[in-house]
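Peer 1: PDB, C-alpha atoms and all ligand atoms, saved as my_file37.pdb, coming up:
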ATOM      1  CA  MET R   1      86.005  55.046 -33.819
ATOM      2  CA  LYS R   2      88.129  53.679 -36.631
ATOM      3  CA  PHE R   3      87.004  51.817 -39.759
ATOM      4  CA  ASP R   4      88.948  49.567 -42.046
ATOM      5  CA  VAL R   5      86.847  50.349 -45.136
ATOM      6  CA  ALA R   6      85.143  53.390 -46.594
ATOM      7  CA  TYR R   7      83.281  54.262 -49.743
ATOM      8  CA  CYS R   8      85.346  56.304 -52.210
ATOM      9  CA  ILE R   9      83.157  58.552 -54.356
ATOM     10  CA  SER R  10      85.372  58.873 -57.412
ATOM     11  CA  LEU R  11      86.012  55.139 -57.636
ATOM     12  CA  ASP R  12      82.410  54.263 -56.738
ATOM     13  CA  ASP R  13      83.757  51.466 -54.602
ATOM     14  CA  LYS R  14      84.657  50.538 -51.075
ATOM     15  CA  LEU R  15      88.353  50.665 -50.313
ATOM     16  CA  SER R  16      90.314  49.500 -47.337
ATOM     17  CA  ILE R  17      92.781  51.986 -45.884
ATOM     18  CA  TYR R  18      95.527  49.701 -47.257
ATOM     19  CA  ASP R  19      94.048  50.041 -50.760
ATOM     20  CA  VAL R  20      94.169  53.805 -50.256
ATOM     21  CA  ARG R  21      97.818  53.696 -49.209
ATOM     22  CA  ASP R  22      98.666  51.509 -52.183
ATOM     23  CA  LEU R  23      96.924  53.929 -54.562
ATOM     24  CA  ASN R  24      98.586  56.972 -52.978
ATOM     25  CA  PHE R  25     102.057  55.551 -53.654
ATOM     26  CA  ASP R  26     101.242  54.065 -57.054
ATOM     27  CA  GLU R  27     102.837  56.283 -59.695
ATOM     28  CA  THR R  28     100.772  54.719 -62.503
ATOM     29  CA  VAL R  29      97.444  56.017 -61.198
ATOM     30  CA  ASP R  30      96.197  59.505 -60.438
ATOM     31  CA  PHE R  31      95.108  59.254 -56.841
ATOM     32  CA  ASP R  32      95.701  61.370 -53.766
ATOM     33  CA  SER R  33      93.650  60.500 -50.717
ATOM     34  CA  ALA R  34      93.882  64.101 -49.494
ATOM     35  CA  LYS R  35      91.832  65.151 -52.538
ATOM     36  CA  GLU R  36      89.492  62.153 -52.579
ATOM     37  CA  HIS R  37      86.176  61.940 -50.782
ATOM     38  CA  PHE R  38      85.373  59.034 -48.470
ATOM     39  CA  GLN R  39      82.031  58.184 -46.983
ATOM     40  CA  CYS R  40      80.347  55.701 -44.671
ATOM     41  CA  PRO R  41      80.726  52.099 -45.922
ATOM     42  CA  ASN R  42      77.153  51.381 -44.849
ATOM     43  CA  ASP R  43      75.192  51.781 -48.122
ATOM     44  CA  ILE R  44      71.901  52.774 -46.519
ATOM     45  CA  CYS R  45      73.473  55.274 -44.159
ATOM     46  CA  ARG R  46      75.579  56.835 -46.902
ATOM     47  CA  MET R  47      72.617  57.423 -49.203
ATOM     48  CA  MET R  48      70.764  59.341 -46.515
ATOM     49  CA  PHE R  49      73.295  62.162 -46.573
ATOM     50  CA  GLU R  50      74.801  64.470 -49.144
ATOM     51  CA  ALA R  51      78.213  63.864 -50.689
ATOM     52  CA  SER R  52      79.856  66.358 -48.368
ATOM     53  CA  ASN R  53      79.229  64.082 -45.373
ATOM     54  CA  GLU R  54      82.739  62.658 -45.347
ATOM     55  CA  LEU R  55      85.162  60.543 -43.363
ATOM     56  CA  GLY R  56      88.796  61.273 -42.655
ATOM     57  CA  THR R  57      91.894  59.100 -42.955
ATOM     58  CA  PHE R  58      94.711  58.327 -40.548
ATOM     59  CA  ASN R  59      98.192  57.338 -41.746
ATOM     60  CA  ALA R  60      97.055  57.146 -45.364
ATOM     61  CA  LYS R  61     100.182  58.776 -46.753
ATOM     62  CA  ASN R  62     103.071  58.031 -44.375
ATOM     63  CA  VAL R  63     105.587  55.731 -45.990
ATOM     64  CA  ASN R  64     106.502  54.533 -42.527
ATOM     65  CA  TYR R  65     103.925  54.249 -39.831
ATOM     66  CA  ILE R  66     103.741  52.803 -36.358
ATOM     67  CA  ARG R  67     100.101  53.303 -35.459
ATOM     68  CA  THR R  68      97.550  51.309 -37.441
ATOM     69  CA  PRO R  69      96.127  53.198 -40.455
ATOM     70  CA  HIS R  70      92.365  53.656 -40.570
ATOM     71  CA  PHE R  71      89.395  55.765 -41.602
ATOM     72  CA  LYS R  72      87.780  57.888 -38.934
ATOM     73  CA  ASN R  73      84.762  60.085 -38.342
ATOM     74  CA  LEU R  74      85.352  63.815 -38.574
ATOM     75  CA  THR R  75      83.684  66.101 -36.071
ATOM     76  CA  THR R  76      81.179  66.942 -38.803
ATOM     77  CA  THR R  77      80.477  63.376 -39.949
ATOM     78  CA  ARG R  78      76.882  62.280 -39.504
ATOM     79  CA  HIS R  79      75.444  58.740 -39.535
ATOM     80  CA  MET R  80      71.898  57.489 -39.493
ATOM     81  CA  GLU R  81      70.581  56.122 -36.232
ATOM     82  CA  GLY R  82      71.777  52.581 -35.690
ATOM     83  CA  CYS R  83      74.651  52.791 -38.173
ATOM     84  CA  PRO R  84      77.475  50.710 -36.675
ATOM     85  CA  TYR R  85      80.033  53.224 -37.918
ATOM     86  CA  GLY R  86      78.391  56.043 -36.006
ATOM     87  CA  ALA R  87      78.713  54.496 -32.582
ATOM     88  CA  SER R  88      81.349  56.341 -30.691
ATOM     89  CA  LYS R  89      82.935  54.706 -27.722
ATOM     90  CA  THR R  90      82.289  57.080 -24.884
ATOM     91  CA  GLY R  91      83.209  56.737 -21.270
ATOM     92  CA  GLY R  92      86.351  54.806 -22.124
ATOM     93  CA  ASN R  93      89.599  56.061 -20.764
ATOM     94  CA  ILE R  94      92.294  57.478 -22.982
ATOM     95  CA  ASP R  95      94.443  54.382 -22.649
ATOM     96  CA  GLY R  96      91.595  52.230 -23.886
ATOM     97  CA  LEU R  97      91.086  54.404 -26.936
ATOM     98  CA  GLN R  98      94.792  54.460 -27.573
ATOM     99  CA  ALA R  99      94.932  50.676 -27.441
ATOM    100  CA  GLU R 100      92.010  50.447 -29.854
ATOM    101  CA  ASN R 101      93.754  52.718 -32.317
ATOM    102  CA  ASP R 102      96.960  50.751 -32.115
ATOM    103  CA  ARG R 103      95.455  47.487 -33.336
ATOM    104  CA  GLU R 104      94.215  46.262 -36.648
ATOM    105  CA  GLU R 105      90.983  44.509 -35.751
ATOM    106  CA  HIS R 106      89.903  43.514 -39.217
ATOM    107  CA  PHE R 107      91.740  40.370 -40.267
ATOM    108  CA  PRO R 108      91.470  39.533 -43.963
ATOM    109  CA  SER R 109      91.003  35.786 -44.388
ATOM    110  CA  GLU R 110      92.731  35.746 -47.746
ATOM    111  CA  LEU R 111      95.568  37.614 -49.415
ATOM    112  CA  LEU R 112      94.831  37.720 -53.143
ATOM    113  CA  LEU R 113      97.987  37.505 -55.187
ATOM    114  CA  THR R 114      96.443  39.323 -58.138
ATOM    115  CA  ARG R 115      96.176  43.052 -57.724
ATOM    116  CA  ARG R 116      92.791  44.642 -57.466
ATOM    117  CA  GLU R 117      91.793  46.923 -60.333
ATOM    118  CA  TYR R 118      90.166  50.273 -59.804
ATOM    119  CA  VAL R 119      88.006  52.101 -62.311
ATOM    120  CA  ARG R 120      87.412  55.761 -61.762
ATOM    121  CA  LYS R 121      83.860  56.951 -62.141
ATOM    122  CA  PRO R 122      83.831  59.875 -64.575
ATOM    123  CA  THR R 123      80.837  62.007 -63.625
ATOM    124  CA  LEU R 124      80.194  62.156 -59.911
ATOM    125  CA  SER R 125      83.771  62.908 -58.887
ATOM    126  CA  THR R 126      83.907  66.296 -60.627
ATOM    127  CA  THR R 127      80.505  67.303 -59.282
ATOM    128  CA  SER R 128      81.359  66.518 -55.725
ATOM    129  CA  LYS R 129      84.733  68.236 -55.922
ATOM    130  CA  ASN R 130      83.473  71.484 -57.396
ATOM    131  CA  THR R 131      80.199  71.983 -55.632
ATOM    132  CA  PRO R 132      80.445  71.619 -51.899
ATOM    133  CA  ASP R 133      76.790  72.593 -51.697
ATOM    134  CA  GLU R 134      75.031  71.230 -48.641
ATOM    135  CA  ASN R 135      71.673  71.358 -50.397
ATOM    136  CA  ARG R 136      72.733  69.500 -53.464
ATOM    137  CA  PRO R 137      70.524  66.455 -54.006
ATOM    138  CA  ILE R 138      72.195  63.212 -53.119
ATOM    139  CA  ALA R 139      73.526  61.093 -55.935
ATOM    140  CA  PRO R 140      71.035  58.756 -57.589
ATOM    141  CA  ILE R 141      70.880  55.288 -56.133
ATOM    142  CA  GLN R 142      72.214  53.564 -59.227
ATOM    143  CA  ALA R 143      75.473  55.451 -58.763
ATOM    144  CA  PHE R 144      76.045  53.337 -55.666
ATOM    145  CA  ARG R 145      75.312  49.995 -57.280
ATOM    146  CA  PRO R 146      77.558  47.212 -56.070
ATOM    147  CA  HIS R 147      80.063  45.634 -58.398
ATOM    148  CA  PRO R 148      78.744  42.129 -58.952
ATOM    149  CA  GLU R 149      81.812  41.071 -60.936
ATOM    150  CA  ARG R 150      84.248  41.876 -58.186
ATOM    151  CA  ARG R 151      86.257  38.975 -56.878
ATOM    152  CA  ASP R 152      87.273  40.387 -53.573
ATOM    153  CA  THR R 153      84.955  40.605 -50.641
ATOM    154  CA  PRO R 154      85.422  42.548 -47.417
ATOM    155  CA  ASP R 155      87.284  39.507 -46.124
ATOM    156  CA  THR R 156      89.985  39.511 -48.772
ATOM    157  CA  THR R 157      92.748  41.910 -49.597
ATOM    158  CA  SER R 158      95.408  42.198 -52.244
ATOM    159  CA  ILE R 159      97.603  44.458 -50.128
ATOM    160  CA  PHE R 160     100.345  42.598 -48.251
ATOM    161  CA  ALA R 161     100.625  45.387 -45.655
ATOM    162  CA  HIS R 162      97.162  44.527 -44.348
ATOM    163  CA  PRO R 163      97.804  41.016 -42.954
ATOM    164  CA  VAL R 164     101.255  42.193 -41.819
ATOM    165  CA  GLU R 165      99.648  44.981 -39.786
ATOM    166  CA  CYS R 166      97.192  42.453 -38.301
ATOM    167  CA  PHE R 167     100.091  40.298 -37.191
ATOM    168  CA  VAL R 168     102.331  43.077 -35.879
ATOM    169  CA  SER R 169      99.694  45.099 -34.040
ATOM    170  CA  ASN R 170      98.267  41.983 -32.359
ATOM    171  CA  ILE R 171     101.573  40.291 -31.585
ATOM    172  CA  ASP R 172     100.773  40.346 -27.852
ATOM    173  CA  ASP R 173      97.553  38.369 -28.415
ATOM    174  CA  LYS R 174      98.862  34.945 -29.440
ATOM    175  CA  ASP R 175      95.458  33.291 -28.977
ATOM    176  CA  LEU R 176      93.867  35.681 -31.435
ATOM    177  CA  LEU R 177      96.629  35.074 -33.980
ATOM    178  CA  LYS R 178      96.157  31.329 -33.572
ATOM    179  CA  ARG R 179      92.399  31.661 -34.093
ATOM    180  CA  MET R 180      92.367  33.845 -37.179
ATOM    181  CA  PRO R 181      92.787  32.007 -40.502
ATOM    182  CA  LEU R 182      94.761  33.296 -43.463
ATOM    183  CA  LYS R 183      94.741  31.856 -46.988
ATOM    184  CA  ILE R 184      97.340  32.659 -49.624
ATOM    185  CA  GLY R 185      97.205  30.724 -52.882
ATOM    186  CA  GLU R 186      96.334  27.146 -51.949
ATOM    187  CA  HIS R 187      97.717  27.298 -48.448
ATOM    188  CA  THR R 188      95.600  28.082 -45.383
ATOM    189  CA  ALA R 189      96.946  28.444 -41.850
ATOM    190  CA  SER R 190      96.399  30.601 -38.811
ATOM    191  CA  TYR R 191      98.081  33.976 -38.724
ATOM    192  CA  ALA R 192     100.326  32.589 -36.002
ATOM    193  CA  SER R 193     101.546  29.769 -38.280
ATOM    194  CA  PHE R 194     101.612  31.665 -41.558
ATOM    195  CA  PHE R 195     104.054  34.233 -40.187
ATOM    196  CA  LYS R 196     107.284  32.310 -39.726
ATOM    197  CA  LYS R 197     110.347  33.650 -37.998
ATOM    198  CA  ILE R 198     113.204  33.644 -40.480
ATOM    199  CA  GLU R 199     115.366  31.378 -38.292
ATOM    200  CA  TYR R 200     112.756  28.620 -38.647
ATOM    201  CA  LEU R 201     112.363  28.869 -42.412
ATOM    202  CA  GLN R 202     113.247  25.190 -42.825
ATOM    203  CA  ASP R 203     109.960  24.232 -41.144
ATOM    204  CA  ASN R 204     107.845  24.878 -44.187
ATOM    205  CA  LYS R 205     108.023  26.472 -47.618
ATOM    206  CA  GLY R 206     105.717  29.150 -48.976
ATOM    207  CA  LEU R 207     105.065  31.054 -45.762
ATOM    208  CA  ILE R 208     105.428  34.717 -44.848
ATOM    209  CA  TYR R 209     108.946  34.938 -43.416
ATOM    210  CA  TRP R 210     109.986  37.756 -41.169
ATOM    211  CA  GLY R 211     112.873  38.801 -39.020
ATOM    212  CA  LYS R 212     114.902  41.625 -37.606
ATOM    213  CA  ILE R 213     117.213  43.351 -40.041
ATOM    214  CA  LYS R 214     120.898  43.310 -39.147
ATOM    215  CA  GLN R 215     122.082  45.504 -42.010
ATOM    216  CA  ILE R 216     121.240  46.576 -45.535
ATOM    217  CA  LYS R 217     124.041  46.657 -48.094
ATOM    218  CA  ASP R 218     123.763  48.947 -51.079
ATOM    219  CA  TYR R 219     125.435  47.323 -54.108
ATOM    220  CA  THR R 220     125.549  48.495 -57.724
ATOM    221  CA  GLN R 221     122.913  46.095 -58.972
ATOM    222  CA  SER R 222     121.008  45.301 -55.819
ATOM    223  CA  PHE R 223     120.366  45.770 -52.138
ATOM    224  CA  ARG R 224     121.158  42.932 -49.788
ATOM    225  CA  ILE R 225     119.209  42.616 -46.573
ATOM    226  CA  ASP R 226     120.898  40.607 -43.850
ATOM    227  CA  PHE R 227     118.839  39.206 -41.029
ATOM    228  CA  GLU R 228     119.981  39.198 -37.454
ATOM    229  CA  GLN R 229     118.963  35.618 -36.692
ATOM    230  CA  LYS R 230     120.727  32.623 -38.140
ATOM    231  CA  VAL R 231     119.431  29.285 -39.379
ATOM    232  CA  TRP R 232     120.805  26.140 -37.778
ATOM    233  CA  PHE R 233     121.457  23.654 -40.552
ATOM    234  CA  LYS R 234     123.493  20.499 -41.122
ATOM    235  CA  ALA R 235     125.233  20.991 -44.437
ATOM    236  CA  GLU R 236     126.445  18.086 -46.544
ATOM    237  CA  GLY R 237     129.750  16.806 -45.263
ATOM    238  CA  GLU R 238     129.354  18.494 -41.914
ATOM    239  CA  ALA R 239     129.150  16.452 -38.728
ATOM    240  CA  ARG R 240     126.637  18.644 -36.973
ATOM    241  CA  LYS R 241     124.339  21.612 -37.339
ATOM    242  CA  LYS R 242     125.889  25.045 -37.665
ATOM    243  CA  PRO R 243     124.376  28.529 -37.728
ATOM    244  CA  TYR R 244     124.157  30.129 -41.175
ATOM    245  CA  SER R 245     123.312  33.685 -42.117
ATOM    246  CA  VAL R 246     120.118  34.526 -44.013
ATOM    247  CA  ASN R 247     119.683  37.283 -46.567
ATOM    248  CA  VAL R 248     117.454  38.413 -49.405
ATOM    249  CA  TYR R 249     118.446  40.375 -52.499
ATOM    250  CA  LEU R 250     116.417  43.153 -54.071
ATOM    251  CA  SER R 251     117.406  43.850 -57.645
ATOM    252  CA  LYS R 252     117.618  47.562 -58.470
ATOM    253  CA  LYS R 253     116.113  46.852 -61.862
ATOM    254  CA  LEU R 254     113.074  45.385 -60.124
ATOM    255  CA  ILE R 255     112.809  48.511 -57.956
ATOM    256  CA  ASP R 256     113.237  50.857 -60.953
ATOM    257  CA  ASN R 257     110.331  49.211 -62.712
ATOM    258  CA  TYR R 258     108.119  49.102 -59.661
ATOM    259  CA  ARG R 259     104.869  51.103 -59.806
ATOM    260  CA  LYS R 260     105.565  52.413 -56.285
ATOM    261  CA  HIS R 261     109.236  53.105 -57.093
ATOM    262  CA  LYS R 262     109.551  56.429 -55.194
ATOM    263  CA  ALA R 263     107.877  55.244 -52.011
ATOM    264  CA  PHE R 264     109.866  52.016 -52.075
ATOM    265  CA  LEU R 265     113.210  53.782 -52.496
ATOM    266  CA  GLU R 266     112.266  56.149 -49.681
ATOM    267  CA  GLU R 267     111.432  53.150 -47.505
ATOM    268  CA  ILE R 268     114.741  51.435 -48.193
ATOM    269  CA  LYS R 269     116.850  54.622 -47.916
ATOM    270  CA  LEU R 270     115.201  55.398 -44.582
ATOM    271  CA  ALA R 271     115.929  51.876 -43.483
ATOM    272  CA  ILE R 272     119.633  52.129 -44.413
ATOM    273  CA  ASP R 273     120.050  55.391 -42.456
ATOM    274  CA  ASN R 274     117.808  54.337 -39.624
ATOM    275  CA  GLN R 275     119.217  53.534 -36.239
ATOM    276  CA  ARG R 276     115.938  52.056 -35.001
ATOM    277  CA  GLU R 277     115.137  48.385 -35.098
ATOM    278  CA  LEU R 278     113.499  47.359 -38.337
ATOM    279  CA  TYR R 279     111.881  44.165 -39.486
ATOM    280  CA  CYS R 280     111.471  42.692 -42.918
ATOM    281  CA  PHE R 281     108.434  40.672 -44.026
ATOM    282  CA  PHE R 282     108.190  38.883 -47.348
ATOM    283  CA  TYR R 283     106.147  36.296 -49.165
ATOM    284  CA  GLY R 284     106.720  34.390 -52.397
ATOM    285  CA  VAL R 285     110.264  33.079 -52.016
ATOM    286  CA  THR R 286     111.934  30.826 -49.474
ATOM    287  CA  PRO R 287     115.652  31.417 -48.870
ATOM    288  CA  ALA R 288     117.633  28.279 -49.768
ATOM    289  CA  PHE R 289     121.054  27.064 -48.705
ATOM    290  CA  LYS R 290     123.853  27.829 -51.137
ATOM    291  CA  HIS R 291     127.612  28.122 -51.257
ATOM    292  CA  VAL R 292     128.933  31.561 -52.099
ATOM    293  CA  PRO R 293     132.566  32.274 -53.014
ATOM    294  CA  SER R 294     134.374  34.297 -50.380
ATOM    295  CA  LYS R 295     135.457  37.788 -51.470
ATOM    296  CA  LYS R 296     138.574  37.753 -49.288
ATOM    297  CA  ASN R 297     139.651  34.332 -50.389
ATOM    298  CA  PRO R 298     138.241  33.306 -53.806
ATOM    299  CA  GLU R 299     139.417  29.738 -53.255
ATOM    300  CA  ALA R 300     137.108  29.373 -50.276
ATOM    301  CA  SER R 301     133.348  29.525 -50.068
ATOM    302  CA  PHE R 302     130.823  29.854 -47.293
ATOM    303  CA  GLY R 303     127.275  28.701 -46.790
ATOM    304  CA  VAL R 304     124.319  31.063 -46.581
ATOM    305  CA  PHE R 305     120.534  30.944 -46.895
ATOM    306  CA  SER R 306     119.555  33.357 -49.611
ATOM    307  CA  ALA R 307     116.741  34.321 -51.969
ATOM    308  CA  ASP R 308     116.025  36.935 -54.625
ATOM    309  CA  ILE R 309     112.825  38.859 -53.964
ATOM    310  CA  GLU R 310     110.631  38.540 -57.054
ATOM    311  CA  ASN R 311     107.637  40.717 -56.262
ATOM    312  CA  LEU R 312     107.960  43.962 -54.320
ATOM    313  CA  ASP R 313     104.226  43.974 -53.634
ATOM    314  CA  HIS R 314     104.896  41.161 -51.182
ATOM    315  CA  PHE R 315     107.850  42.715 -49.391
ATOM    316  CA  ILE R 316     107.856  45.181 -46.493
ATOM    317  CA  ILE R 317     110.412  46.809 -44.228
ATOM    318  CA  ARG R 318     108.898  48.403 -41.169
ATOM    319  CA  GLU R 319     109.134  49.047 -37.497
ATOM    320  CA  ALA R 320     107.302  46.556 -35.348
ATOM    321  CA  ALA R 321     106.884  47.773 -31.813
ATOM    322  CA  GLY R 322     106.359  44.992 -29.320
ATOM    323  CA  VAL R 323     107.739  42.244 -31.558
ATOM    324  CA  GLU R 324     111.135  42.103 -29.921
ATOM    325  CA  ALA R 325     109.914  40.791 -26.607
ATOM    326  CA  LYS R 326     107.865  37.975 -28.157
TER     327      LYS R 326
HETATM  328 ZN    ZN R 401      77.102  55.365 -41.328
END
When written as C-alpha cells, how does the structure in this file appear?
Peer 2:
Amino acid sequence: MKFDVAYCISLDDKLSIYDVRDLNFDETVDFDSAKEHFQCPNDICRMMFEASNELGTFNAKNVNYIRTPHFKNLTTTRHMEGCPYGASKTGGNIDGLQAENDREEHFPSELLLTRREYVRKPTLSTTSKNTPDENRPIAPIQAFRPHPERRDTPDTTSIFAHPVECFVSNIDDKDLLKRMPLKIGEHTASYASFFKKIEYLQDNKGLIYWGKIKQIKDYTQSFRIDFEQKVWFKAEGEARKKPYSVNVYLSKKLIDNYRKHKAFLEEIKLAIDNQRELYCFFYGVTPAFKHVPSKKNPEASFGVFSADIENLDHFIIREAAGVEAK
C-alpha cells in the first residue's frame, strides 16, 4: 500500500512525499529523509504506537524518477485495527500492484503559489533519534497537536511536481483528468484543461504548458529549451498561418540563486546528455510571439514564441512514459 502523506516526527507535521522531496533537495534547510522518521498519518493510530513504528519512503531522493513517489509500510510497521493505512491489498496479482504503484491517486485541488514553511520541533526529534527503545513511552498527546494556523489542507500542495505527477501518471485515464479540478491563483479548471500542450498555447494564458523537448542549448548566460512541436500562427503582414518554434529561457543567475541549485543543475545536465525523450512542464509564463534577429544574417529576423522562466519552483523537466501516444 502506498500513501501520499505521512507524519514527520521532527517537523511535528504531516508532509506529502513531494514536500519531502522538496526538502531533501533544498540546500537552505537541514533535512534528509533517510535520517527522518515518518509515521502513520492517522492521528489516533499513530498515538497508539511508539515512535519507532515507522513508515518508509519510495523515490524520495531521486532527482529523476519514473515511478510515482510515495510512503509505504515497512515489514515491521504496525497499524491499529481499522486504520485505512494498514489495509494491505492481498490477493491482487503483481500487475495490479504494479499499476497501483505507477499512479498518483491523490489529486491536490489547489497548487499554492506561496511556499509552505516548516518549523522543526526541537525536543522530540533528538529523543527519537538517539533512543530506539521499544519500551519508551509514547510522546505526549500535545506533541501531536494540529497546526490550526496552517493554510494548506490535505487537498492543497505548494509543490509543482505533485499535480504534474497526477497528470503524467494518469495520462491514459482522460475521464479522470477531466473530472478532477485544479485551482492555481484565481483560475480553476480540470486537470485535463489546465495542462495545455505547448502547440496550443494560444488557446489560453496562465495555464501549465508542457511539451516534448527537442534540444537544450547551453549558453553563457542561460539555457534555452526548444520544444519539438510548433505553434501555428498568422503573423502581422503574413497571408496565412505558419508554424513557429517555441522555446523558454532559463537564466543561469536564476539557477545559481535557487535554493535547490544542485538538484536543478543535475536535472538539466542529465537532460542535456540524455538520449531519452524528455518533457518540460512550466507554469507562470506564457511564451509570446516575437521577432529575433538572425545570427547568420543580422539584417534578417525570424519569428518565435518565447518566454523567460521566472520561478524555478514551477518548472520541471522529466520523463513521461505513456505521454507520447496520447
Ligand atoms: Zn495507521
Peer 1: Can you pull out every residue with an atom within 10 Å of ligand ZN 401 (chain R)? Use all atoms listed in the file and format it as a list in words.
Peer 2: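 Residues satisfying the distance criterion: Ala6, Gln39, Cys40, Pro41, Asn42, Asp43, Ile44, Cys45, Arg46, Met47, Met48, Phe49, Asn53, Leu55, Asn73, Thr77, Arg78, His79, Met80, Glu81, Gly82, Cys83, Pro84, Tyr85, Gly86 and Ala87 of chain R.
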Peer 1: Print the selection's residues with C-alpha atoms to a file, as a PDB file, keeping the file's coordinate frame.
Peer 2:
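Saved to again-v3.pdb:
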ATOM      1  CA  ALA R   6      85.143  53.390 -46.594  1.00  0.00           C
ATOM      2  CA  GLN R  39      82.031  58.184 -46.983  1.00  0.00           C
ATOM      3  CA  CYS R  40      80.347  55.701 -44.671  1.00  0.00           C
ATOM      4  CA  PRO R  41      80.726  52.099 -45.922  1.00  0.00           C
ATOM      5  CA  ASN R  42      77.153  51.381 -44.849  1.00  0.00           C
ATOM      6  CA  ASP R  43      75.192  51.781 -48.122  1.00  0.00           C
ATOM      7  CA  ILE R  44      71.901  52.774 -46.519  1.00  0.00           C
ATOM      8  CA  CYS R  45      73.473  55.274 -44.159  1.00  0.00           C
ATOM      9  CA  ARG R  46      75.579  56.835 -46.902  1.00  0.00           C
ATOM     10  CA  MET R  47      72.617  57.423 -49.203  1.00  0.00           C
ATOM     11  CA  MET R  48      70.764  59.341 -46.515  1.00  0.00           C
ATOM     12  CA  PHE R  49      73.295  62.162 -46.573  1.00  0.00           C
ATOM     13  CA  ASN R  53      79.229  64.082 -45.373  1.00  0.00           C
ATOM     14  CA  LEU R  55      85.162  60.543 -43.363  1.00  0.00           C
ATOM     15  CA  ASN R  73      84.762  60.085 -38.342  1.00  0.00           C
ATOM     16  CA  THR R  77      80.477  63.376 -39.949  1.00  0.00           C
ATOM     17  CA  ARG R  78      76.882  62.280 -39.504  1.00  0.00           C
ATOM     18  CA  HIS R  79      75.444  58.740 -39.535  1.00  0.00           C
ATOM     19  CA  MET R  80      71.898  57.489 -39.493  1.00  0.00           C
ATOM     20  CA  GLU R  81      70.581  56.122 -36.232  1.00  0.00           C
ATOM     21  CA  GLY R  82      71.777  52.581 -35.690  1.00  0.00           C
ATOM     22  CA  CYS R  83      74.651  52.791 -38.173  1.00  0.00           C
ATOM     23  CA  PRO R  84      77.475  50.710 -36.675  1.00  0.00           C
ATOM     24  CA  TYR R  85      80.033  53.224 -37.918  1.00  0.00           C
ATOM     25  CA  GLY R  86      78.391  56.043 -36.006  1.00  0.00           C
ATOM     26  CA  ALA R  87      78.713  54.496 -32.582  1.00  0.00           C
TER      27      ALA R  87
END
Peer 1: With only C-alpha atoms as the counted atoms, please give the residues lying no more than 7 Å from stretch 101-105 of chain R, apart from itself and same-chain residues fewer than 5 positions off, as a list of chain:residue names.
Peer 2: R:Arg67, R:Thr68, R:Glu165, R:Cys166, R:Ser169, R:Asn170
Peer 1: Find the residue from R:Ile272, R:Leu250, R:Leu15, R:Met180 that sits nearest to R:Gln215; use only C-alpha atoms when measuring.
Peer 2: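 Nearest candidate to R:Gln215 out of R:Ile272, R:Leu250, R:Leu15, R:Met180: R:Ile272.
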Peer 1: Quick one: residues within 6 Å of R:Pro287, all atoms listed in the file, excluding same-chain residues fewer than 2 positions away - as an NGL selection string?
Peer 2: :R and (305-307)
Peer 1: Deliver the residues from the most recent selection as a file, using C-alpha atoms, as a PDB file, keeping the file's coordinate frame.
Peer 2:
ATOM      1  CA  PHE R 305     120.534  30.944 -46.895  1.00  0.00           C
ATOM      2  CA  SER R 306     119.555  33.357 -49.611  1.00  0.00           C
ATOM      3  CA  ALA R 307     116.741  34.321 -51.969  1.00  0.00           C
TER       4      ALA R 307
END
Peer 1: Leaving out R:Lys183 and any residue of its chain fewer than 4 positions from it, which residues lie within 12 Å of it when counting all atoms listed in the file, given as number ranges by chain?
Peer 2: R: 107-113, 155-158, 163, 187-191, 193-195, 206-208
Peer 1: Atom CA of R:Ser33 to atom CA of R:Val5: how many Å, to one decimal?
Peer 2: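 So the answer is 13.4 Å.
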Peer 1: Identify which of the residues R:Ile66, R:Val119, R:Ala51, R:Leu312 lies closest to R:Asp12, counting all atoms listed in the file when measuring atom-to-atom distances.
Peer 2: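 So, comparing all the options, the nearest one is R:Val119.
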Peer 1: Taking the file above as input, evaluate the PyMOL selection byres (((chain R and resi 2) around 9) and not hetatm) and report the hits as a PyMOL selection string.
Peer 2: chain R and resi 1+3-4+58+69-73+85+100-101
Peer 1: Would you save the residues from that selection as a PDB file, keeping the file's coordinate frame, using C-alpha atoms?
Peer 2:
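To be explicit, this is the file written out as out_20.pdb:
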ATOM      1  CA  MET R   1      86.005  55.046 -33.819  1.00  0.00           C
ATOM      2  CA  PHE R   3      87.004  51.817 -39.759  1.00  0.00           C
ATOM      3  CA  ASP R   4      88.948  49.567 -42.046  1.00  0.00           C
ATOM      4  CA  PHE R  58      94.711  58.327 -40.548  1.00  0.00           C
ATOM      5  CA  PRO R  69      96.127  53.198 -40.455  1.00  0.00           C
ATOM      6  CA  HIS R  70      92.365  53.656 -40.570  1.00  0.00           C
ATOM      7  CA  PHE R  71      89.395  55.765 -41.602  1.00  0.00           C
ATOM      8  CA  LYS R  72      87.780  57.888 -38.934  1.00  0.00           C
ATOM      9  CA  ASN R  73      84.762  60.085 -38.342  1.00  0.00           C
ATOM     10  CA  TYR R  85      80.033  53.224 -37.918  1.00  0.00           C
ATOM     11  CA  GLU R 100      92.010  50.447 -29.854  1.00  0.00           C
ATOM     12  CA  ASN R 101      93.754  52.718 -32.317  1.00  0.00           C
TER      13      ASN R 101
END
Peer 1: Excluding stretch 229-231 of chain R and any residue of its chain fewer than 2 positions from it, enumerate the residues within 9 Å of it, using all atoms listed in the file, and give them as a PyMOL selection string.
Peer 2: chain R and resi 197-202+211-214+226-227+233+242-246+304-305
Peer 1: In Å, how far is it from atom CA of R:Thr28 to atom CA of R:Arg259?
Peer 2: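 Interatomic distance, atom CA of R:Thr28 to atom CA of R:Arg259: 6.1 Å.
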Peer 1: Rounded to one decimal, what separation in Å do you get between atom CA of R:Trp210 and atom CA of R:Asp26?
Peer 2: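 Separating atom CA of R:Trp210 from atom CA of R:Asp26 is a distance of 24.4 Å.
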Peer 1: Kindly extract all protein, DNA and RNA residues lying within 12 Å of the coordinates (103.0, 62.1, -57.5) given in the file, considering all atoms listed in the file, and supply them as a PyMOL selection string.
Peer 2: chain R and resi 23-33+61+259-263
Peer 1: So, counting only C-alpha atoms, which residue among R:Ala192, R:Ile17, R:Glu238, R:Glu310 is closest to R:Lys174?
Peer 2: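 Looking at the shortest contact to R:Lys174, the residue is R:Ala192.
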Peer 1: Which residues, written as a VMD selection string, have at least one atom at most 9 Å from R:Ala161, with all atoms listed in the file counted and residues fewer than 5 positions away on the same chain left out?
Peer 2: chain R and resid 18 166 313 to 316
Peer 1: Of the candidates R:Ser10, R:Ser222, R:Ser52, R:Asn59, which shows the shortest atom-to-atom distance to R:Ile268, using all atoms listed in the file?
Peer 2: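 Residue with the minimum atom-to-atom distance to R:Ile268: R:Ser222.
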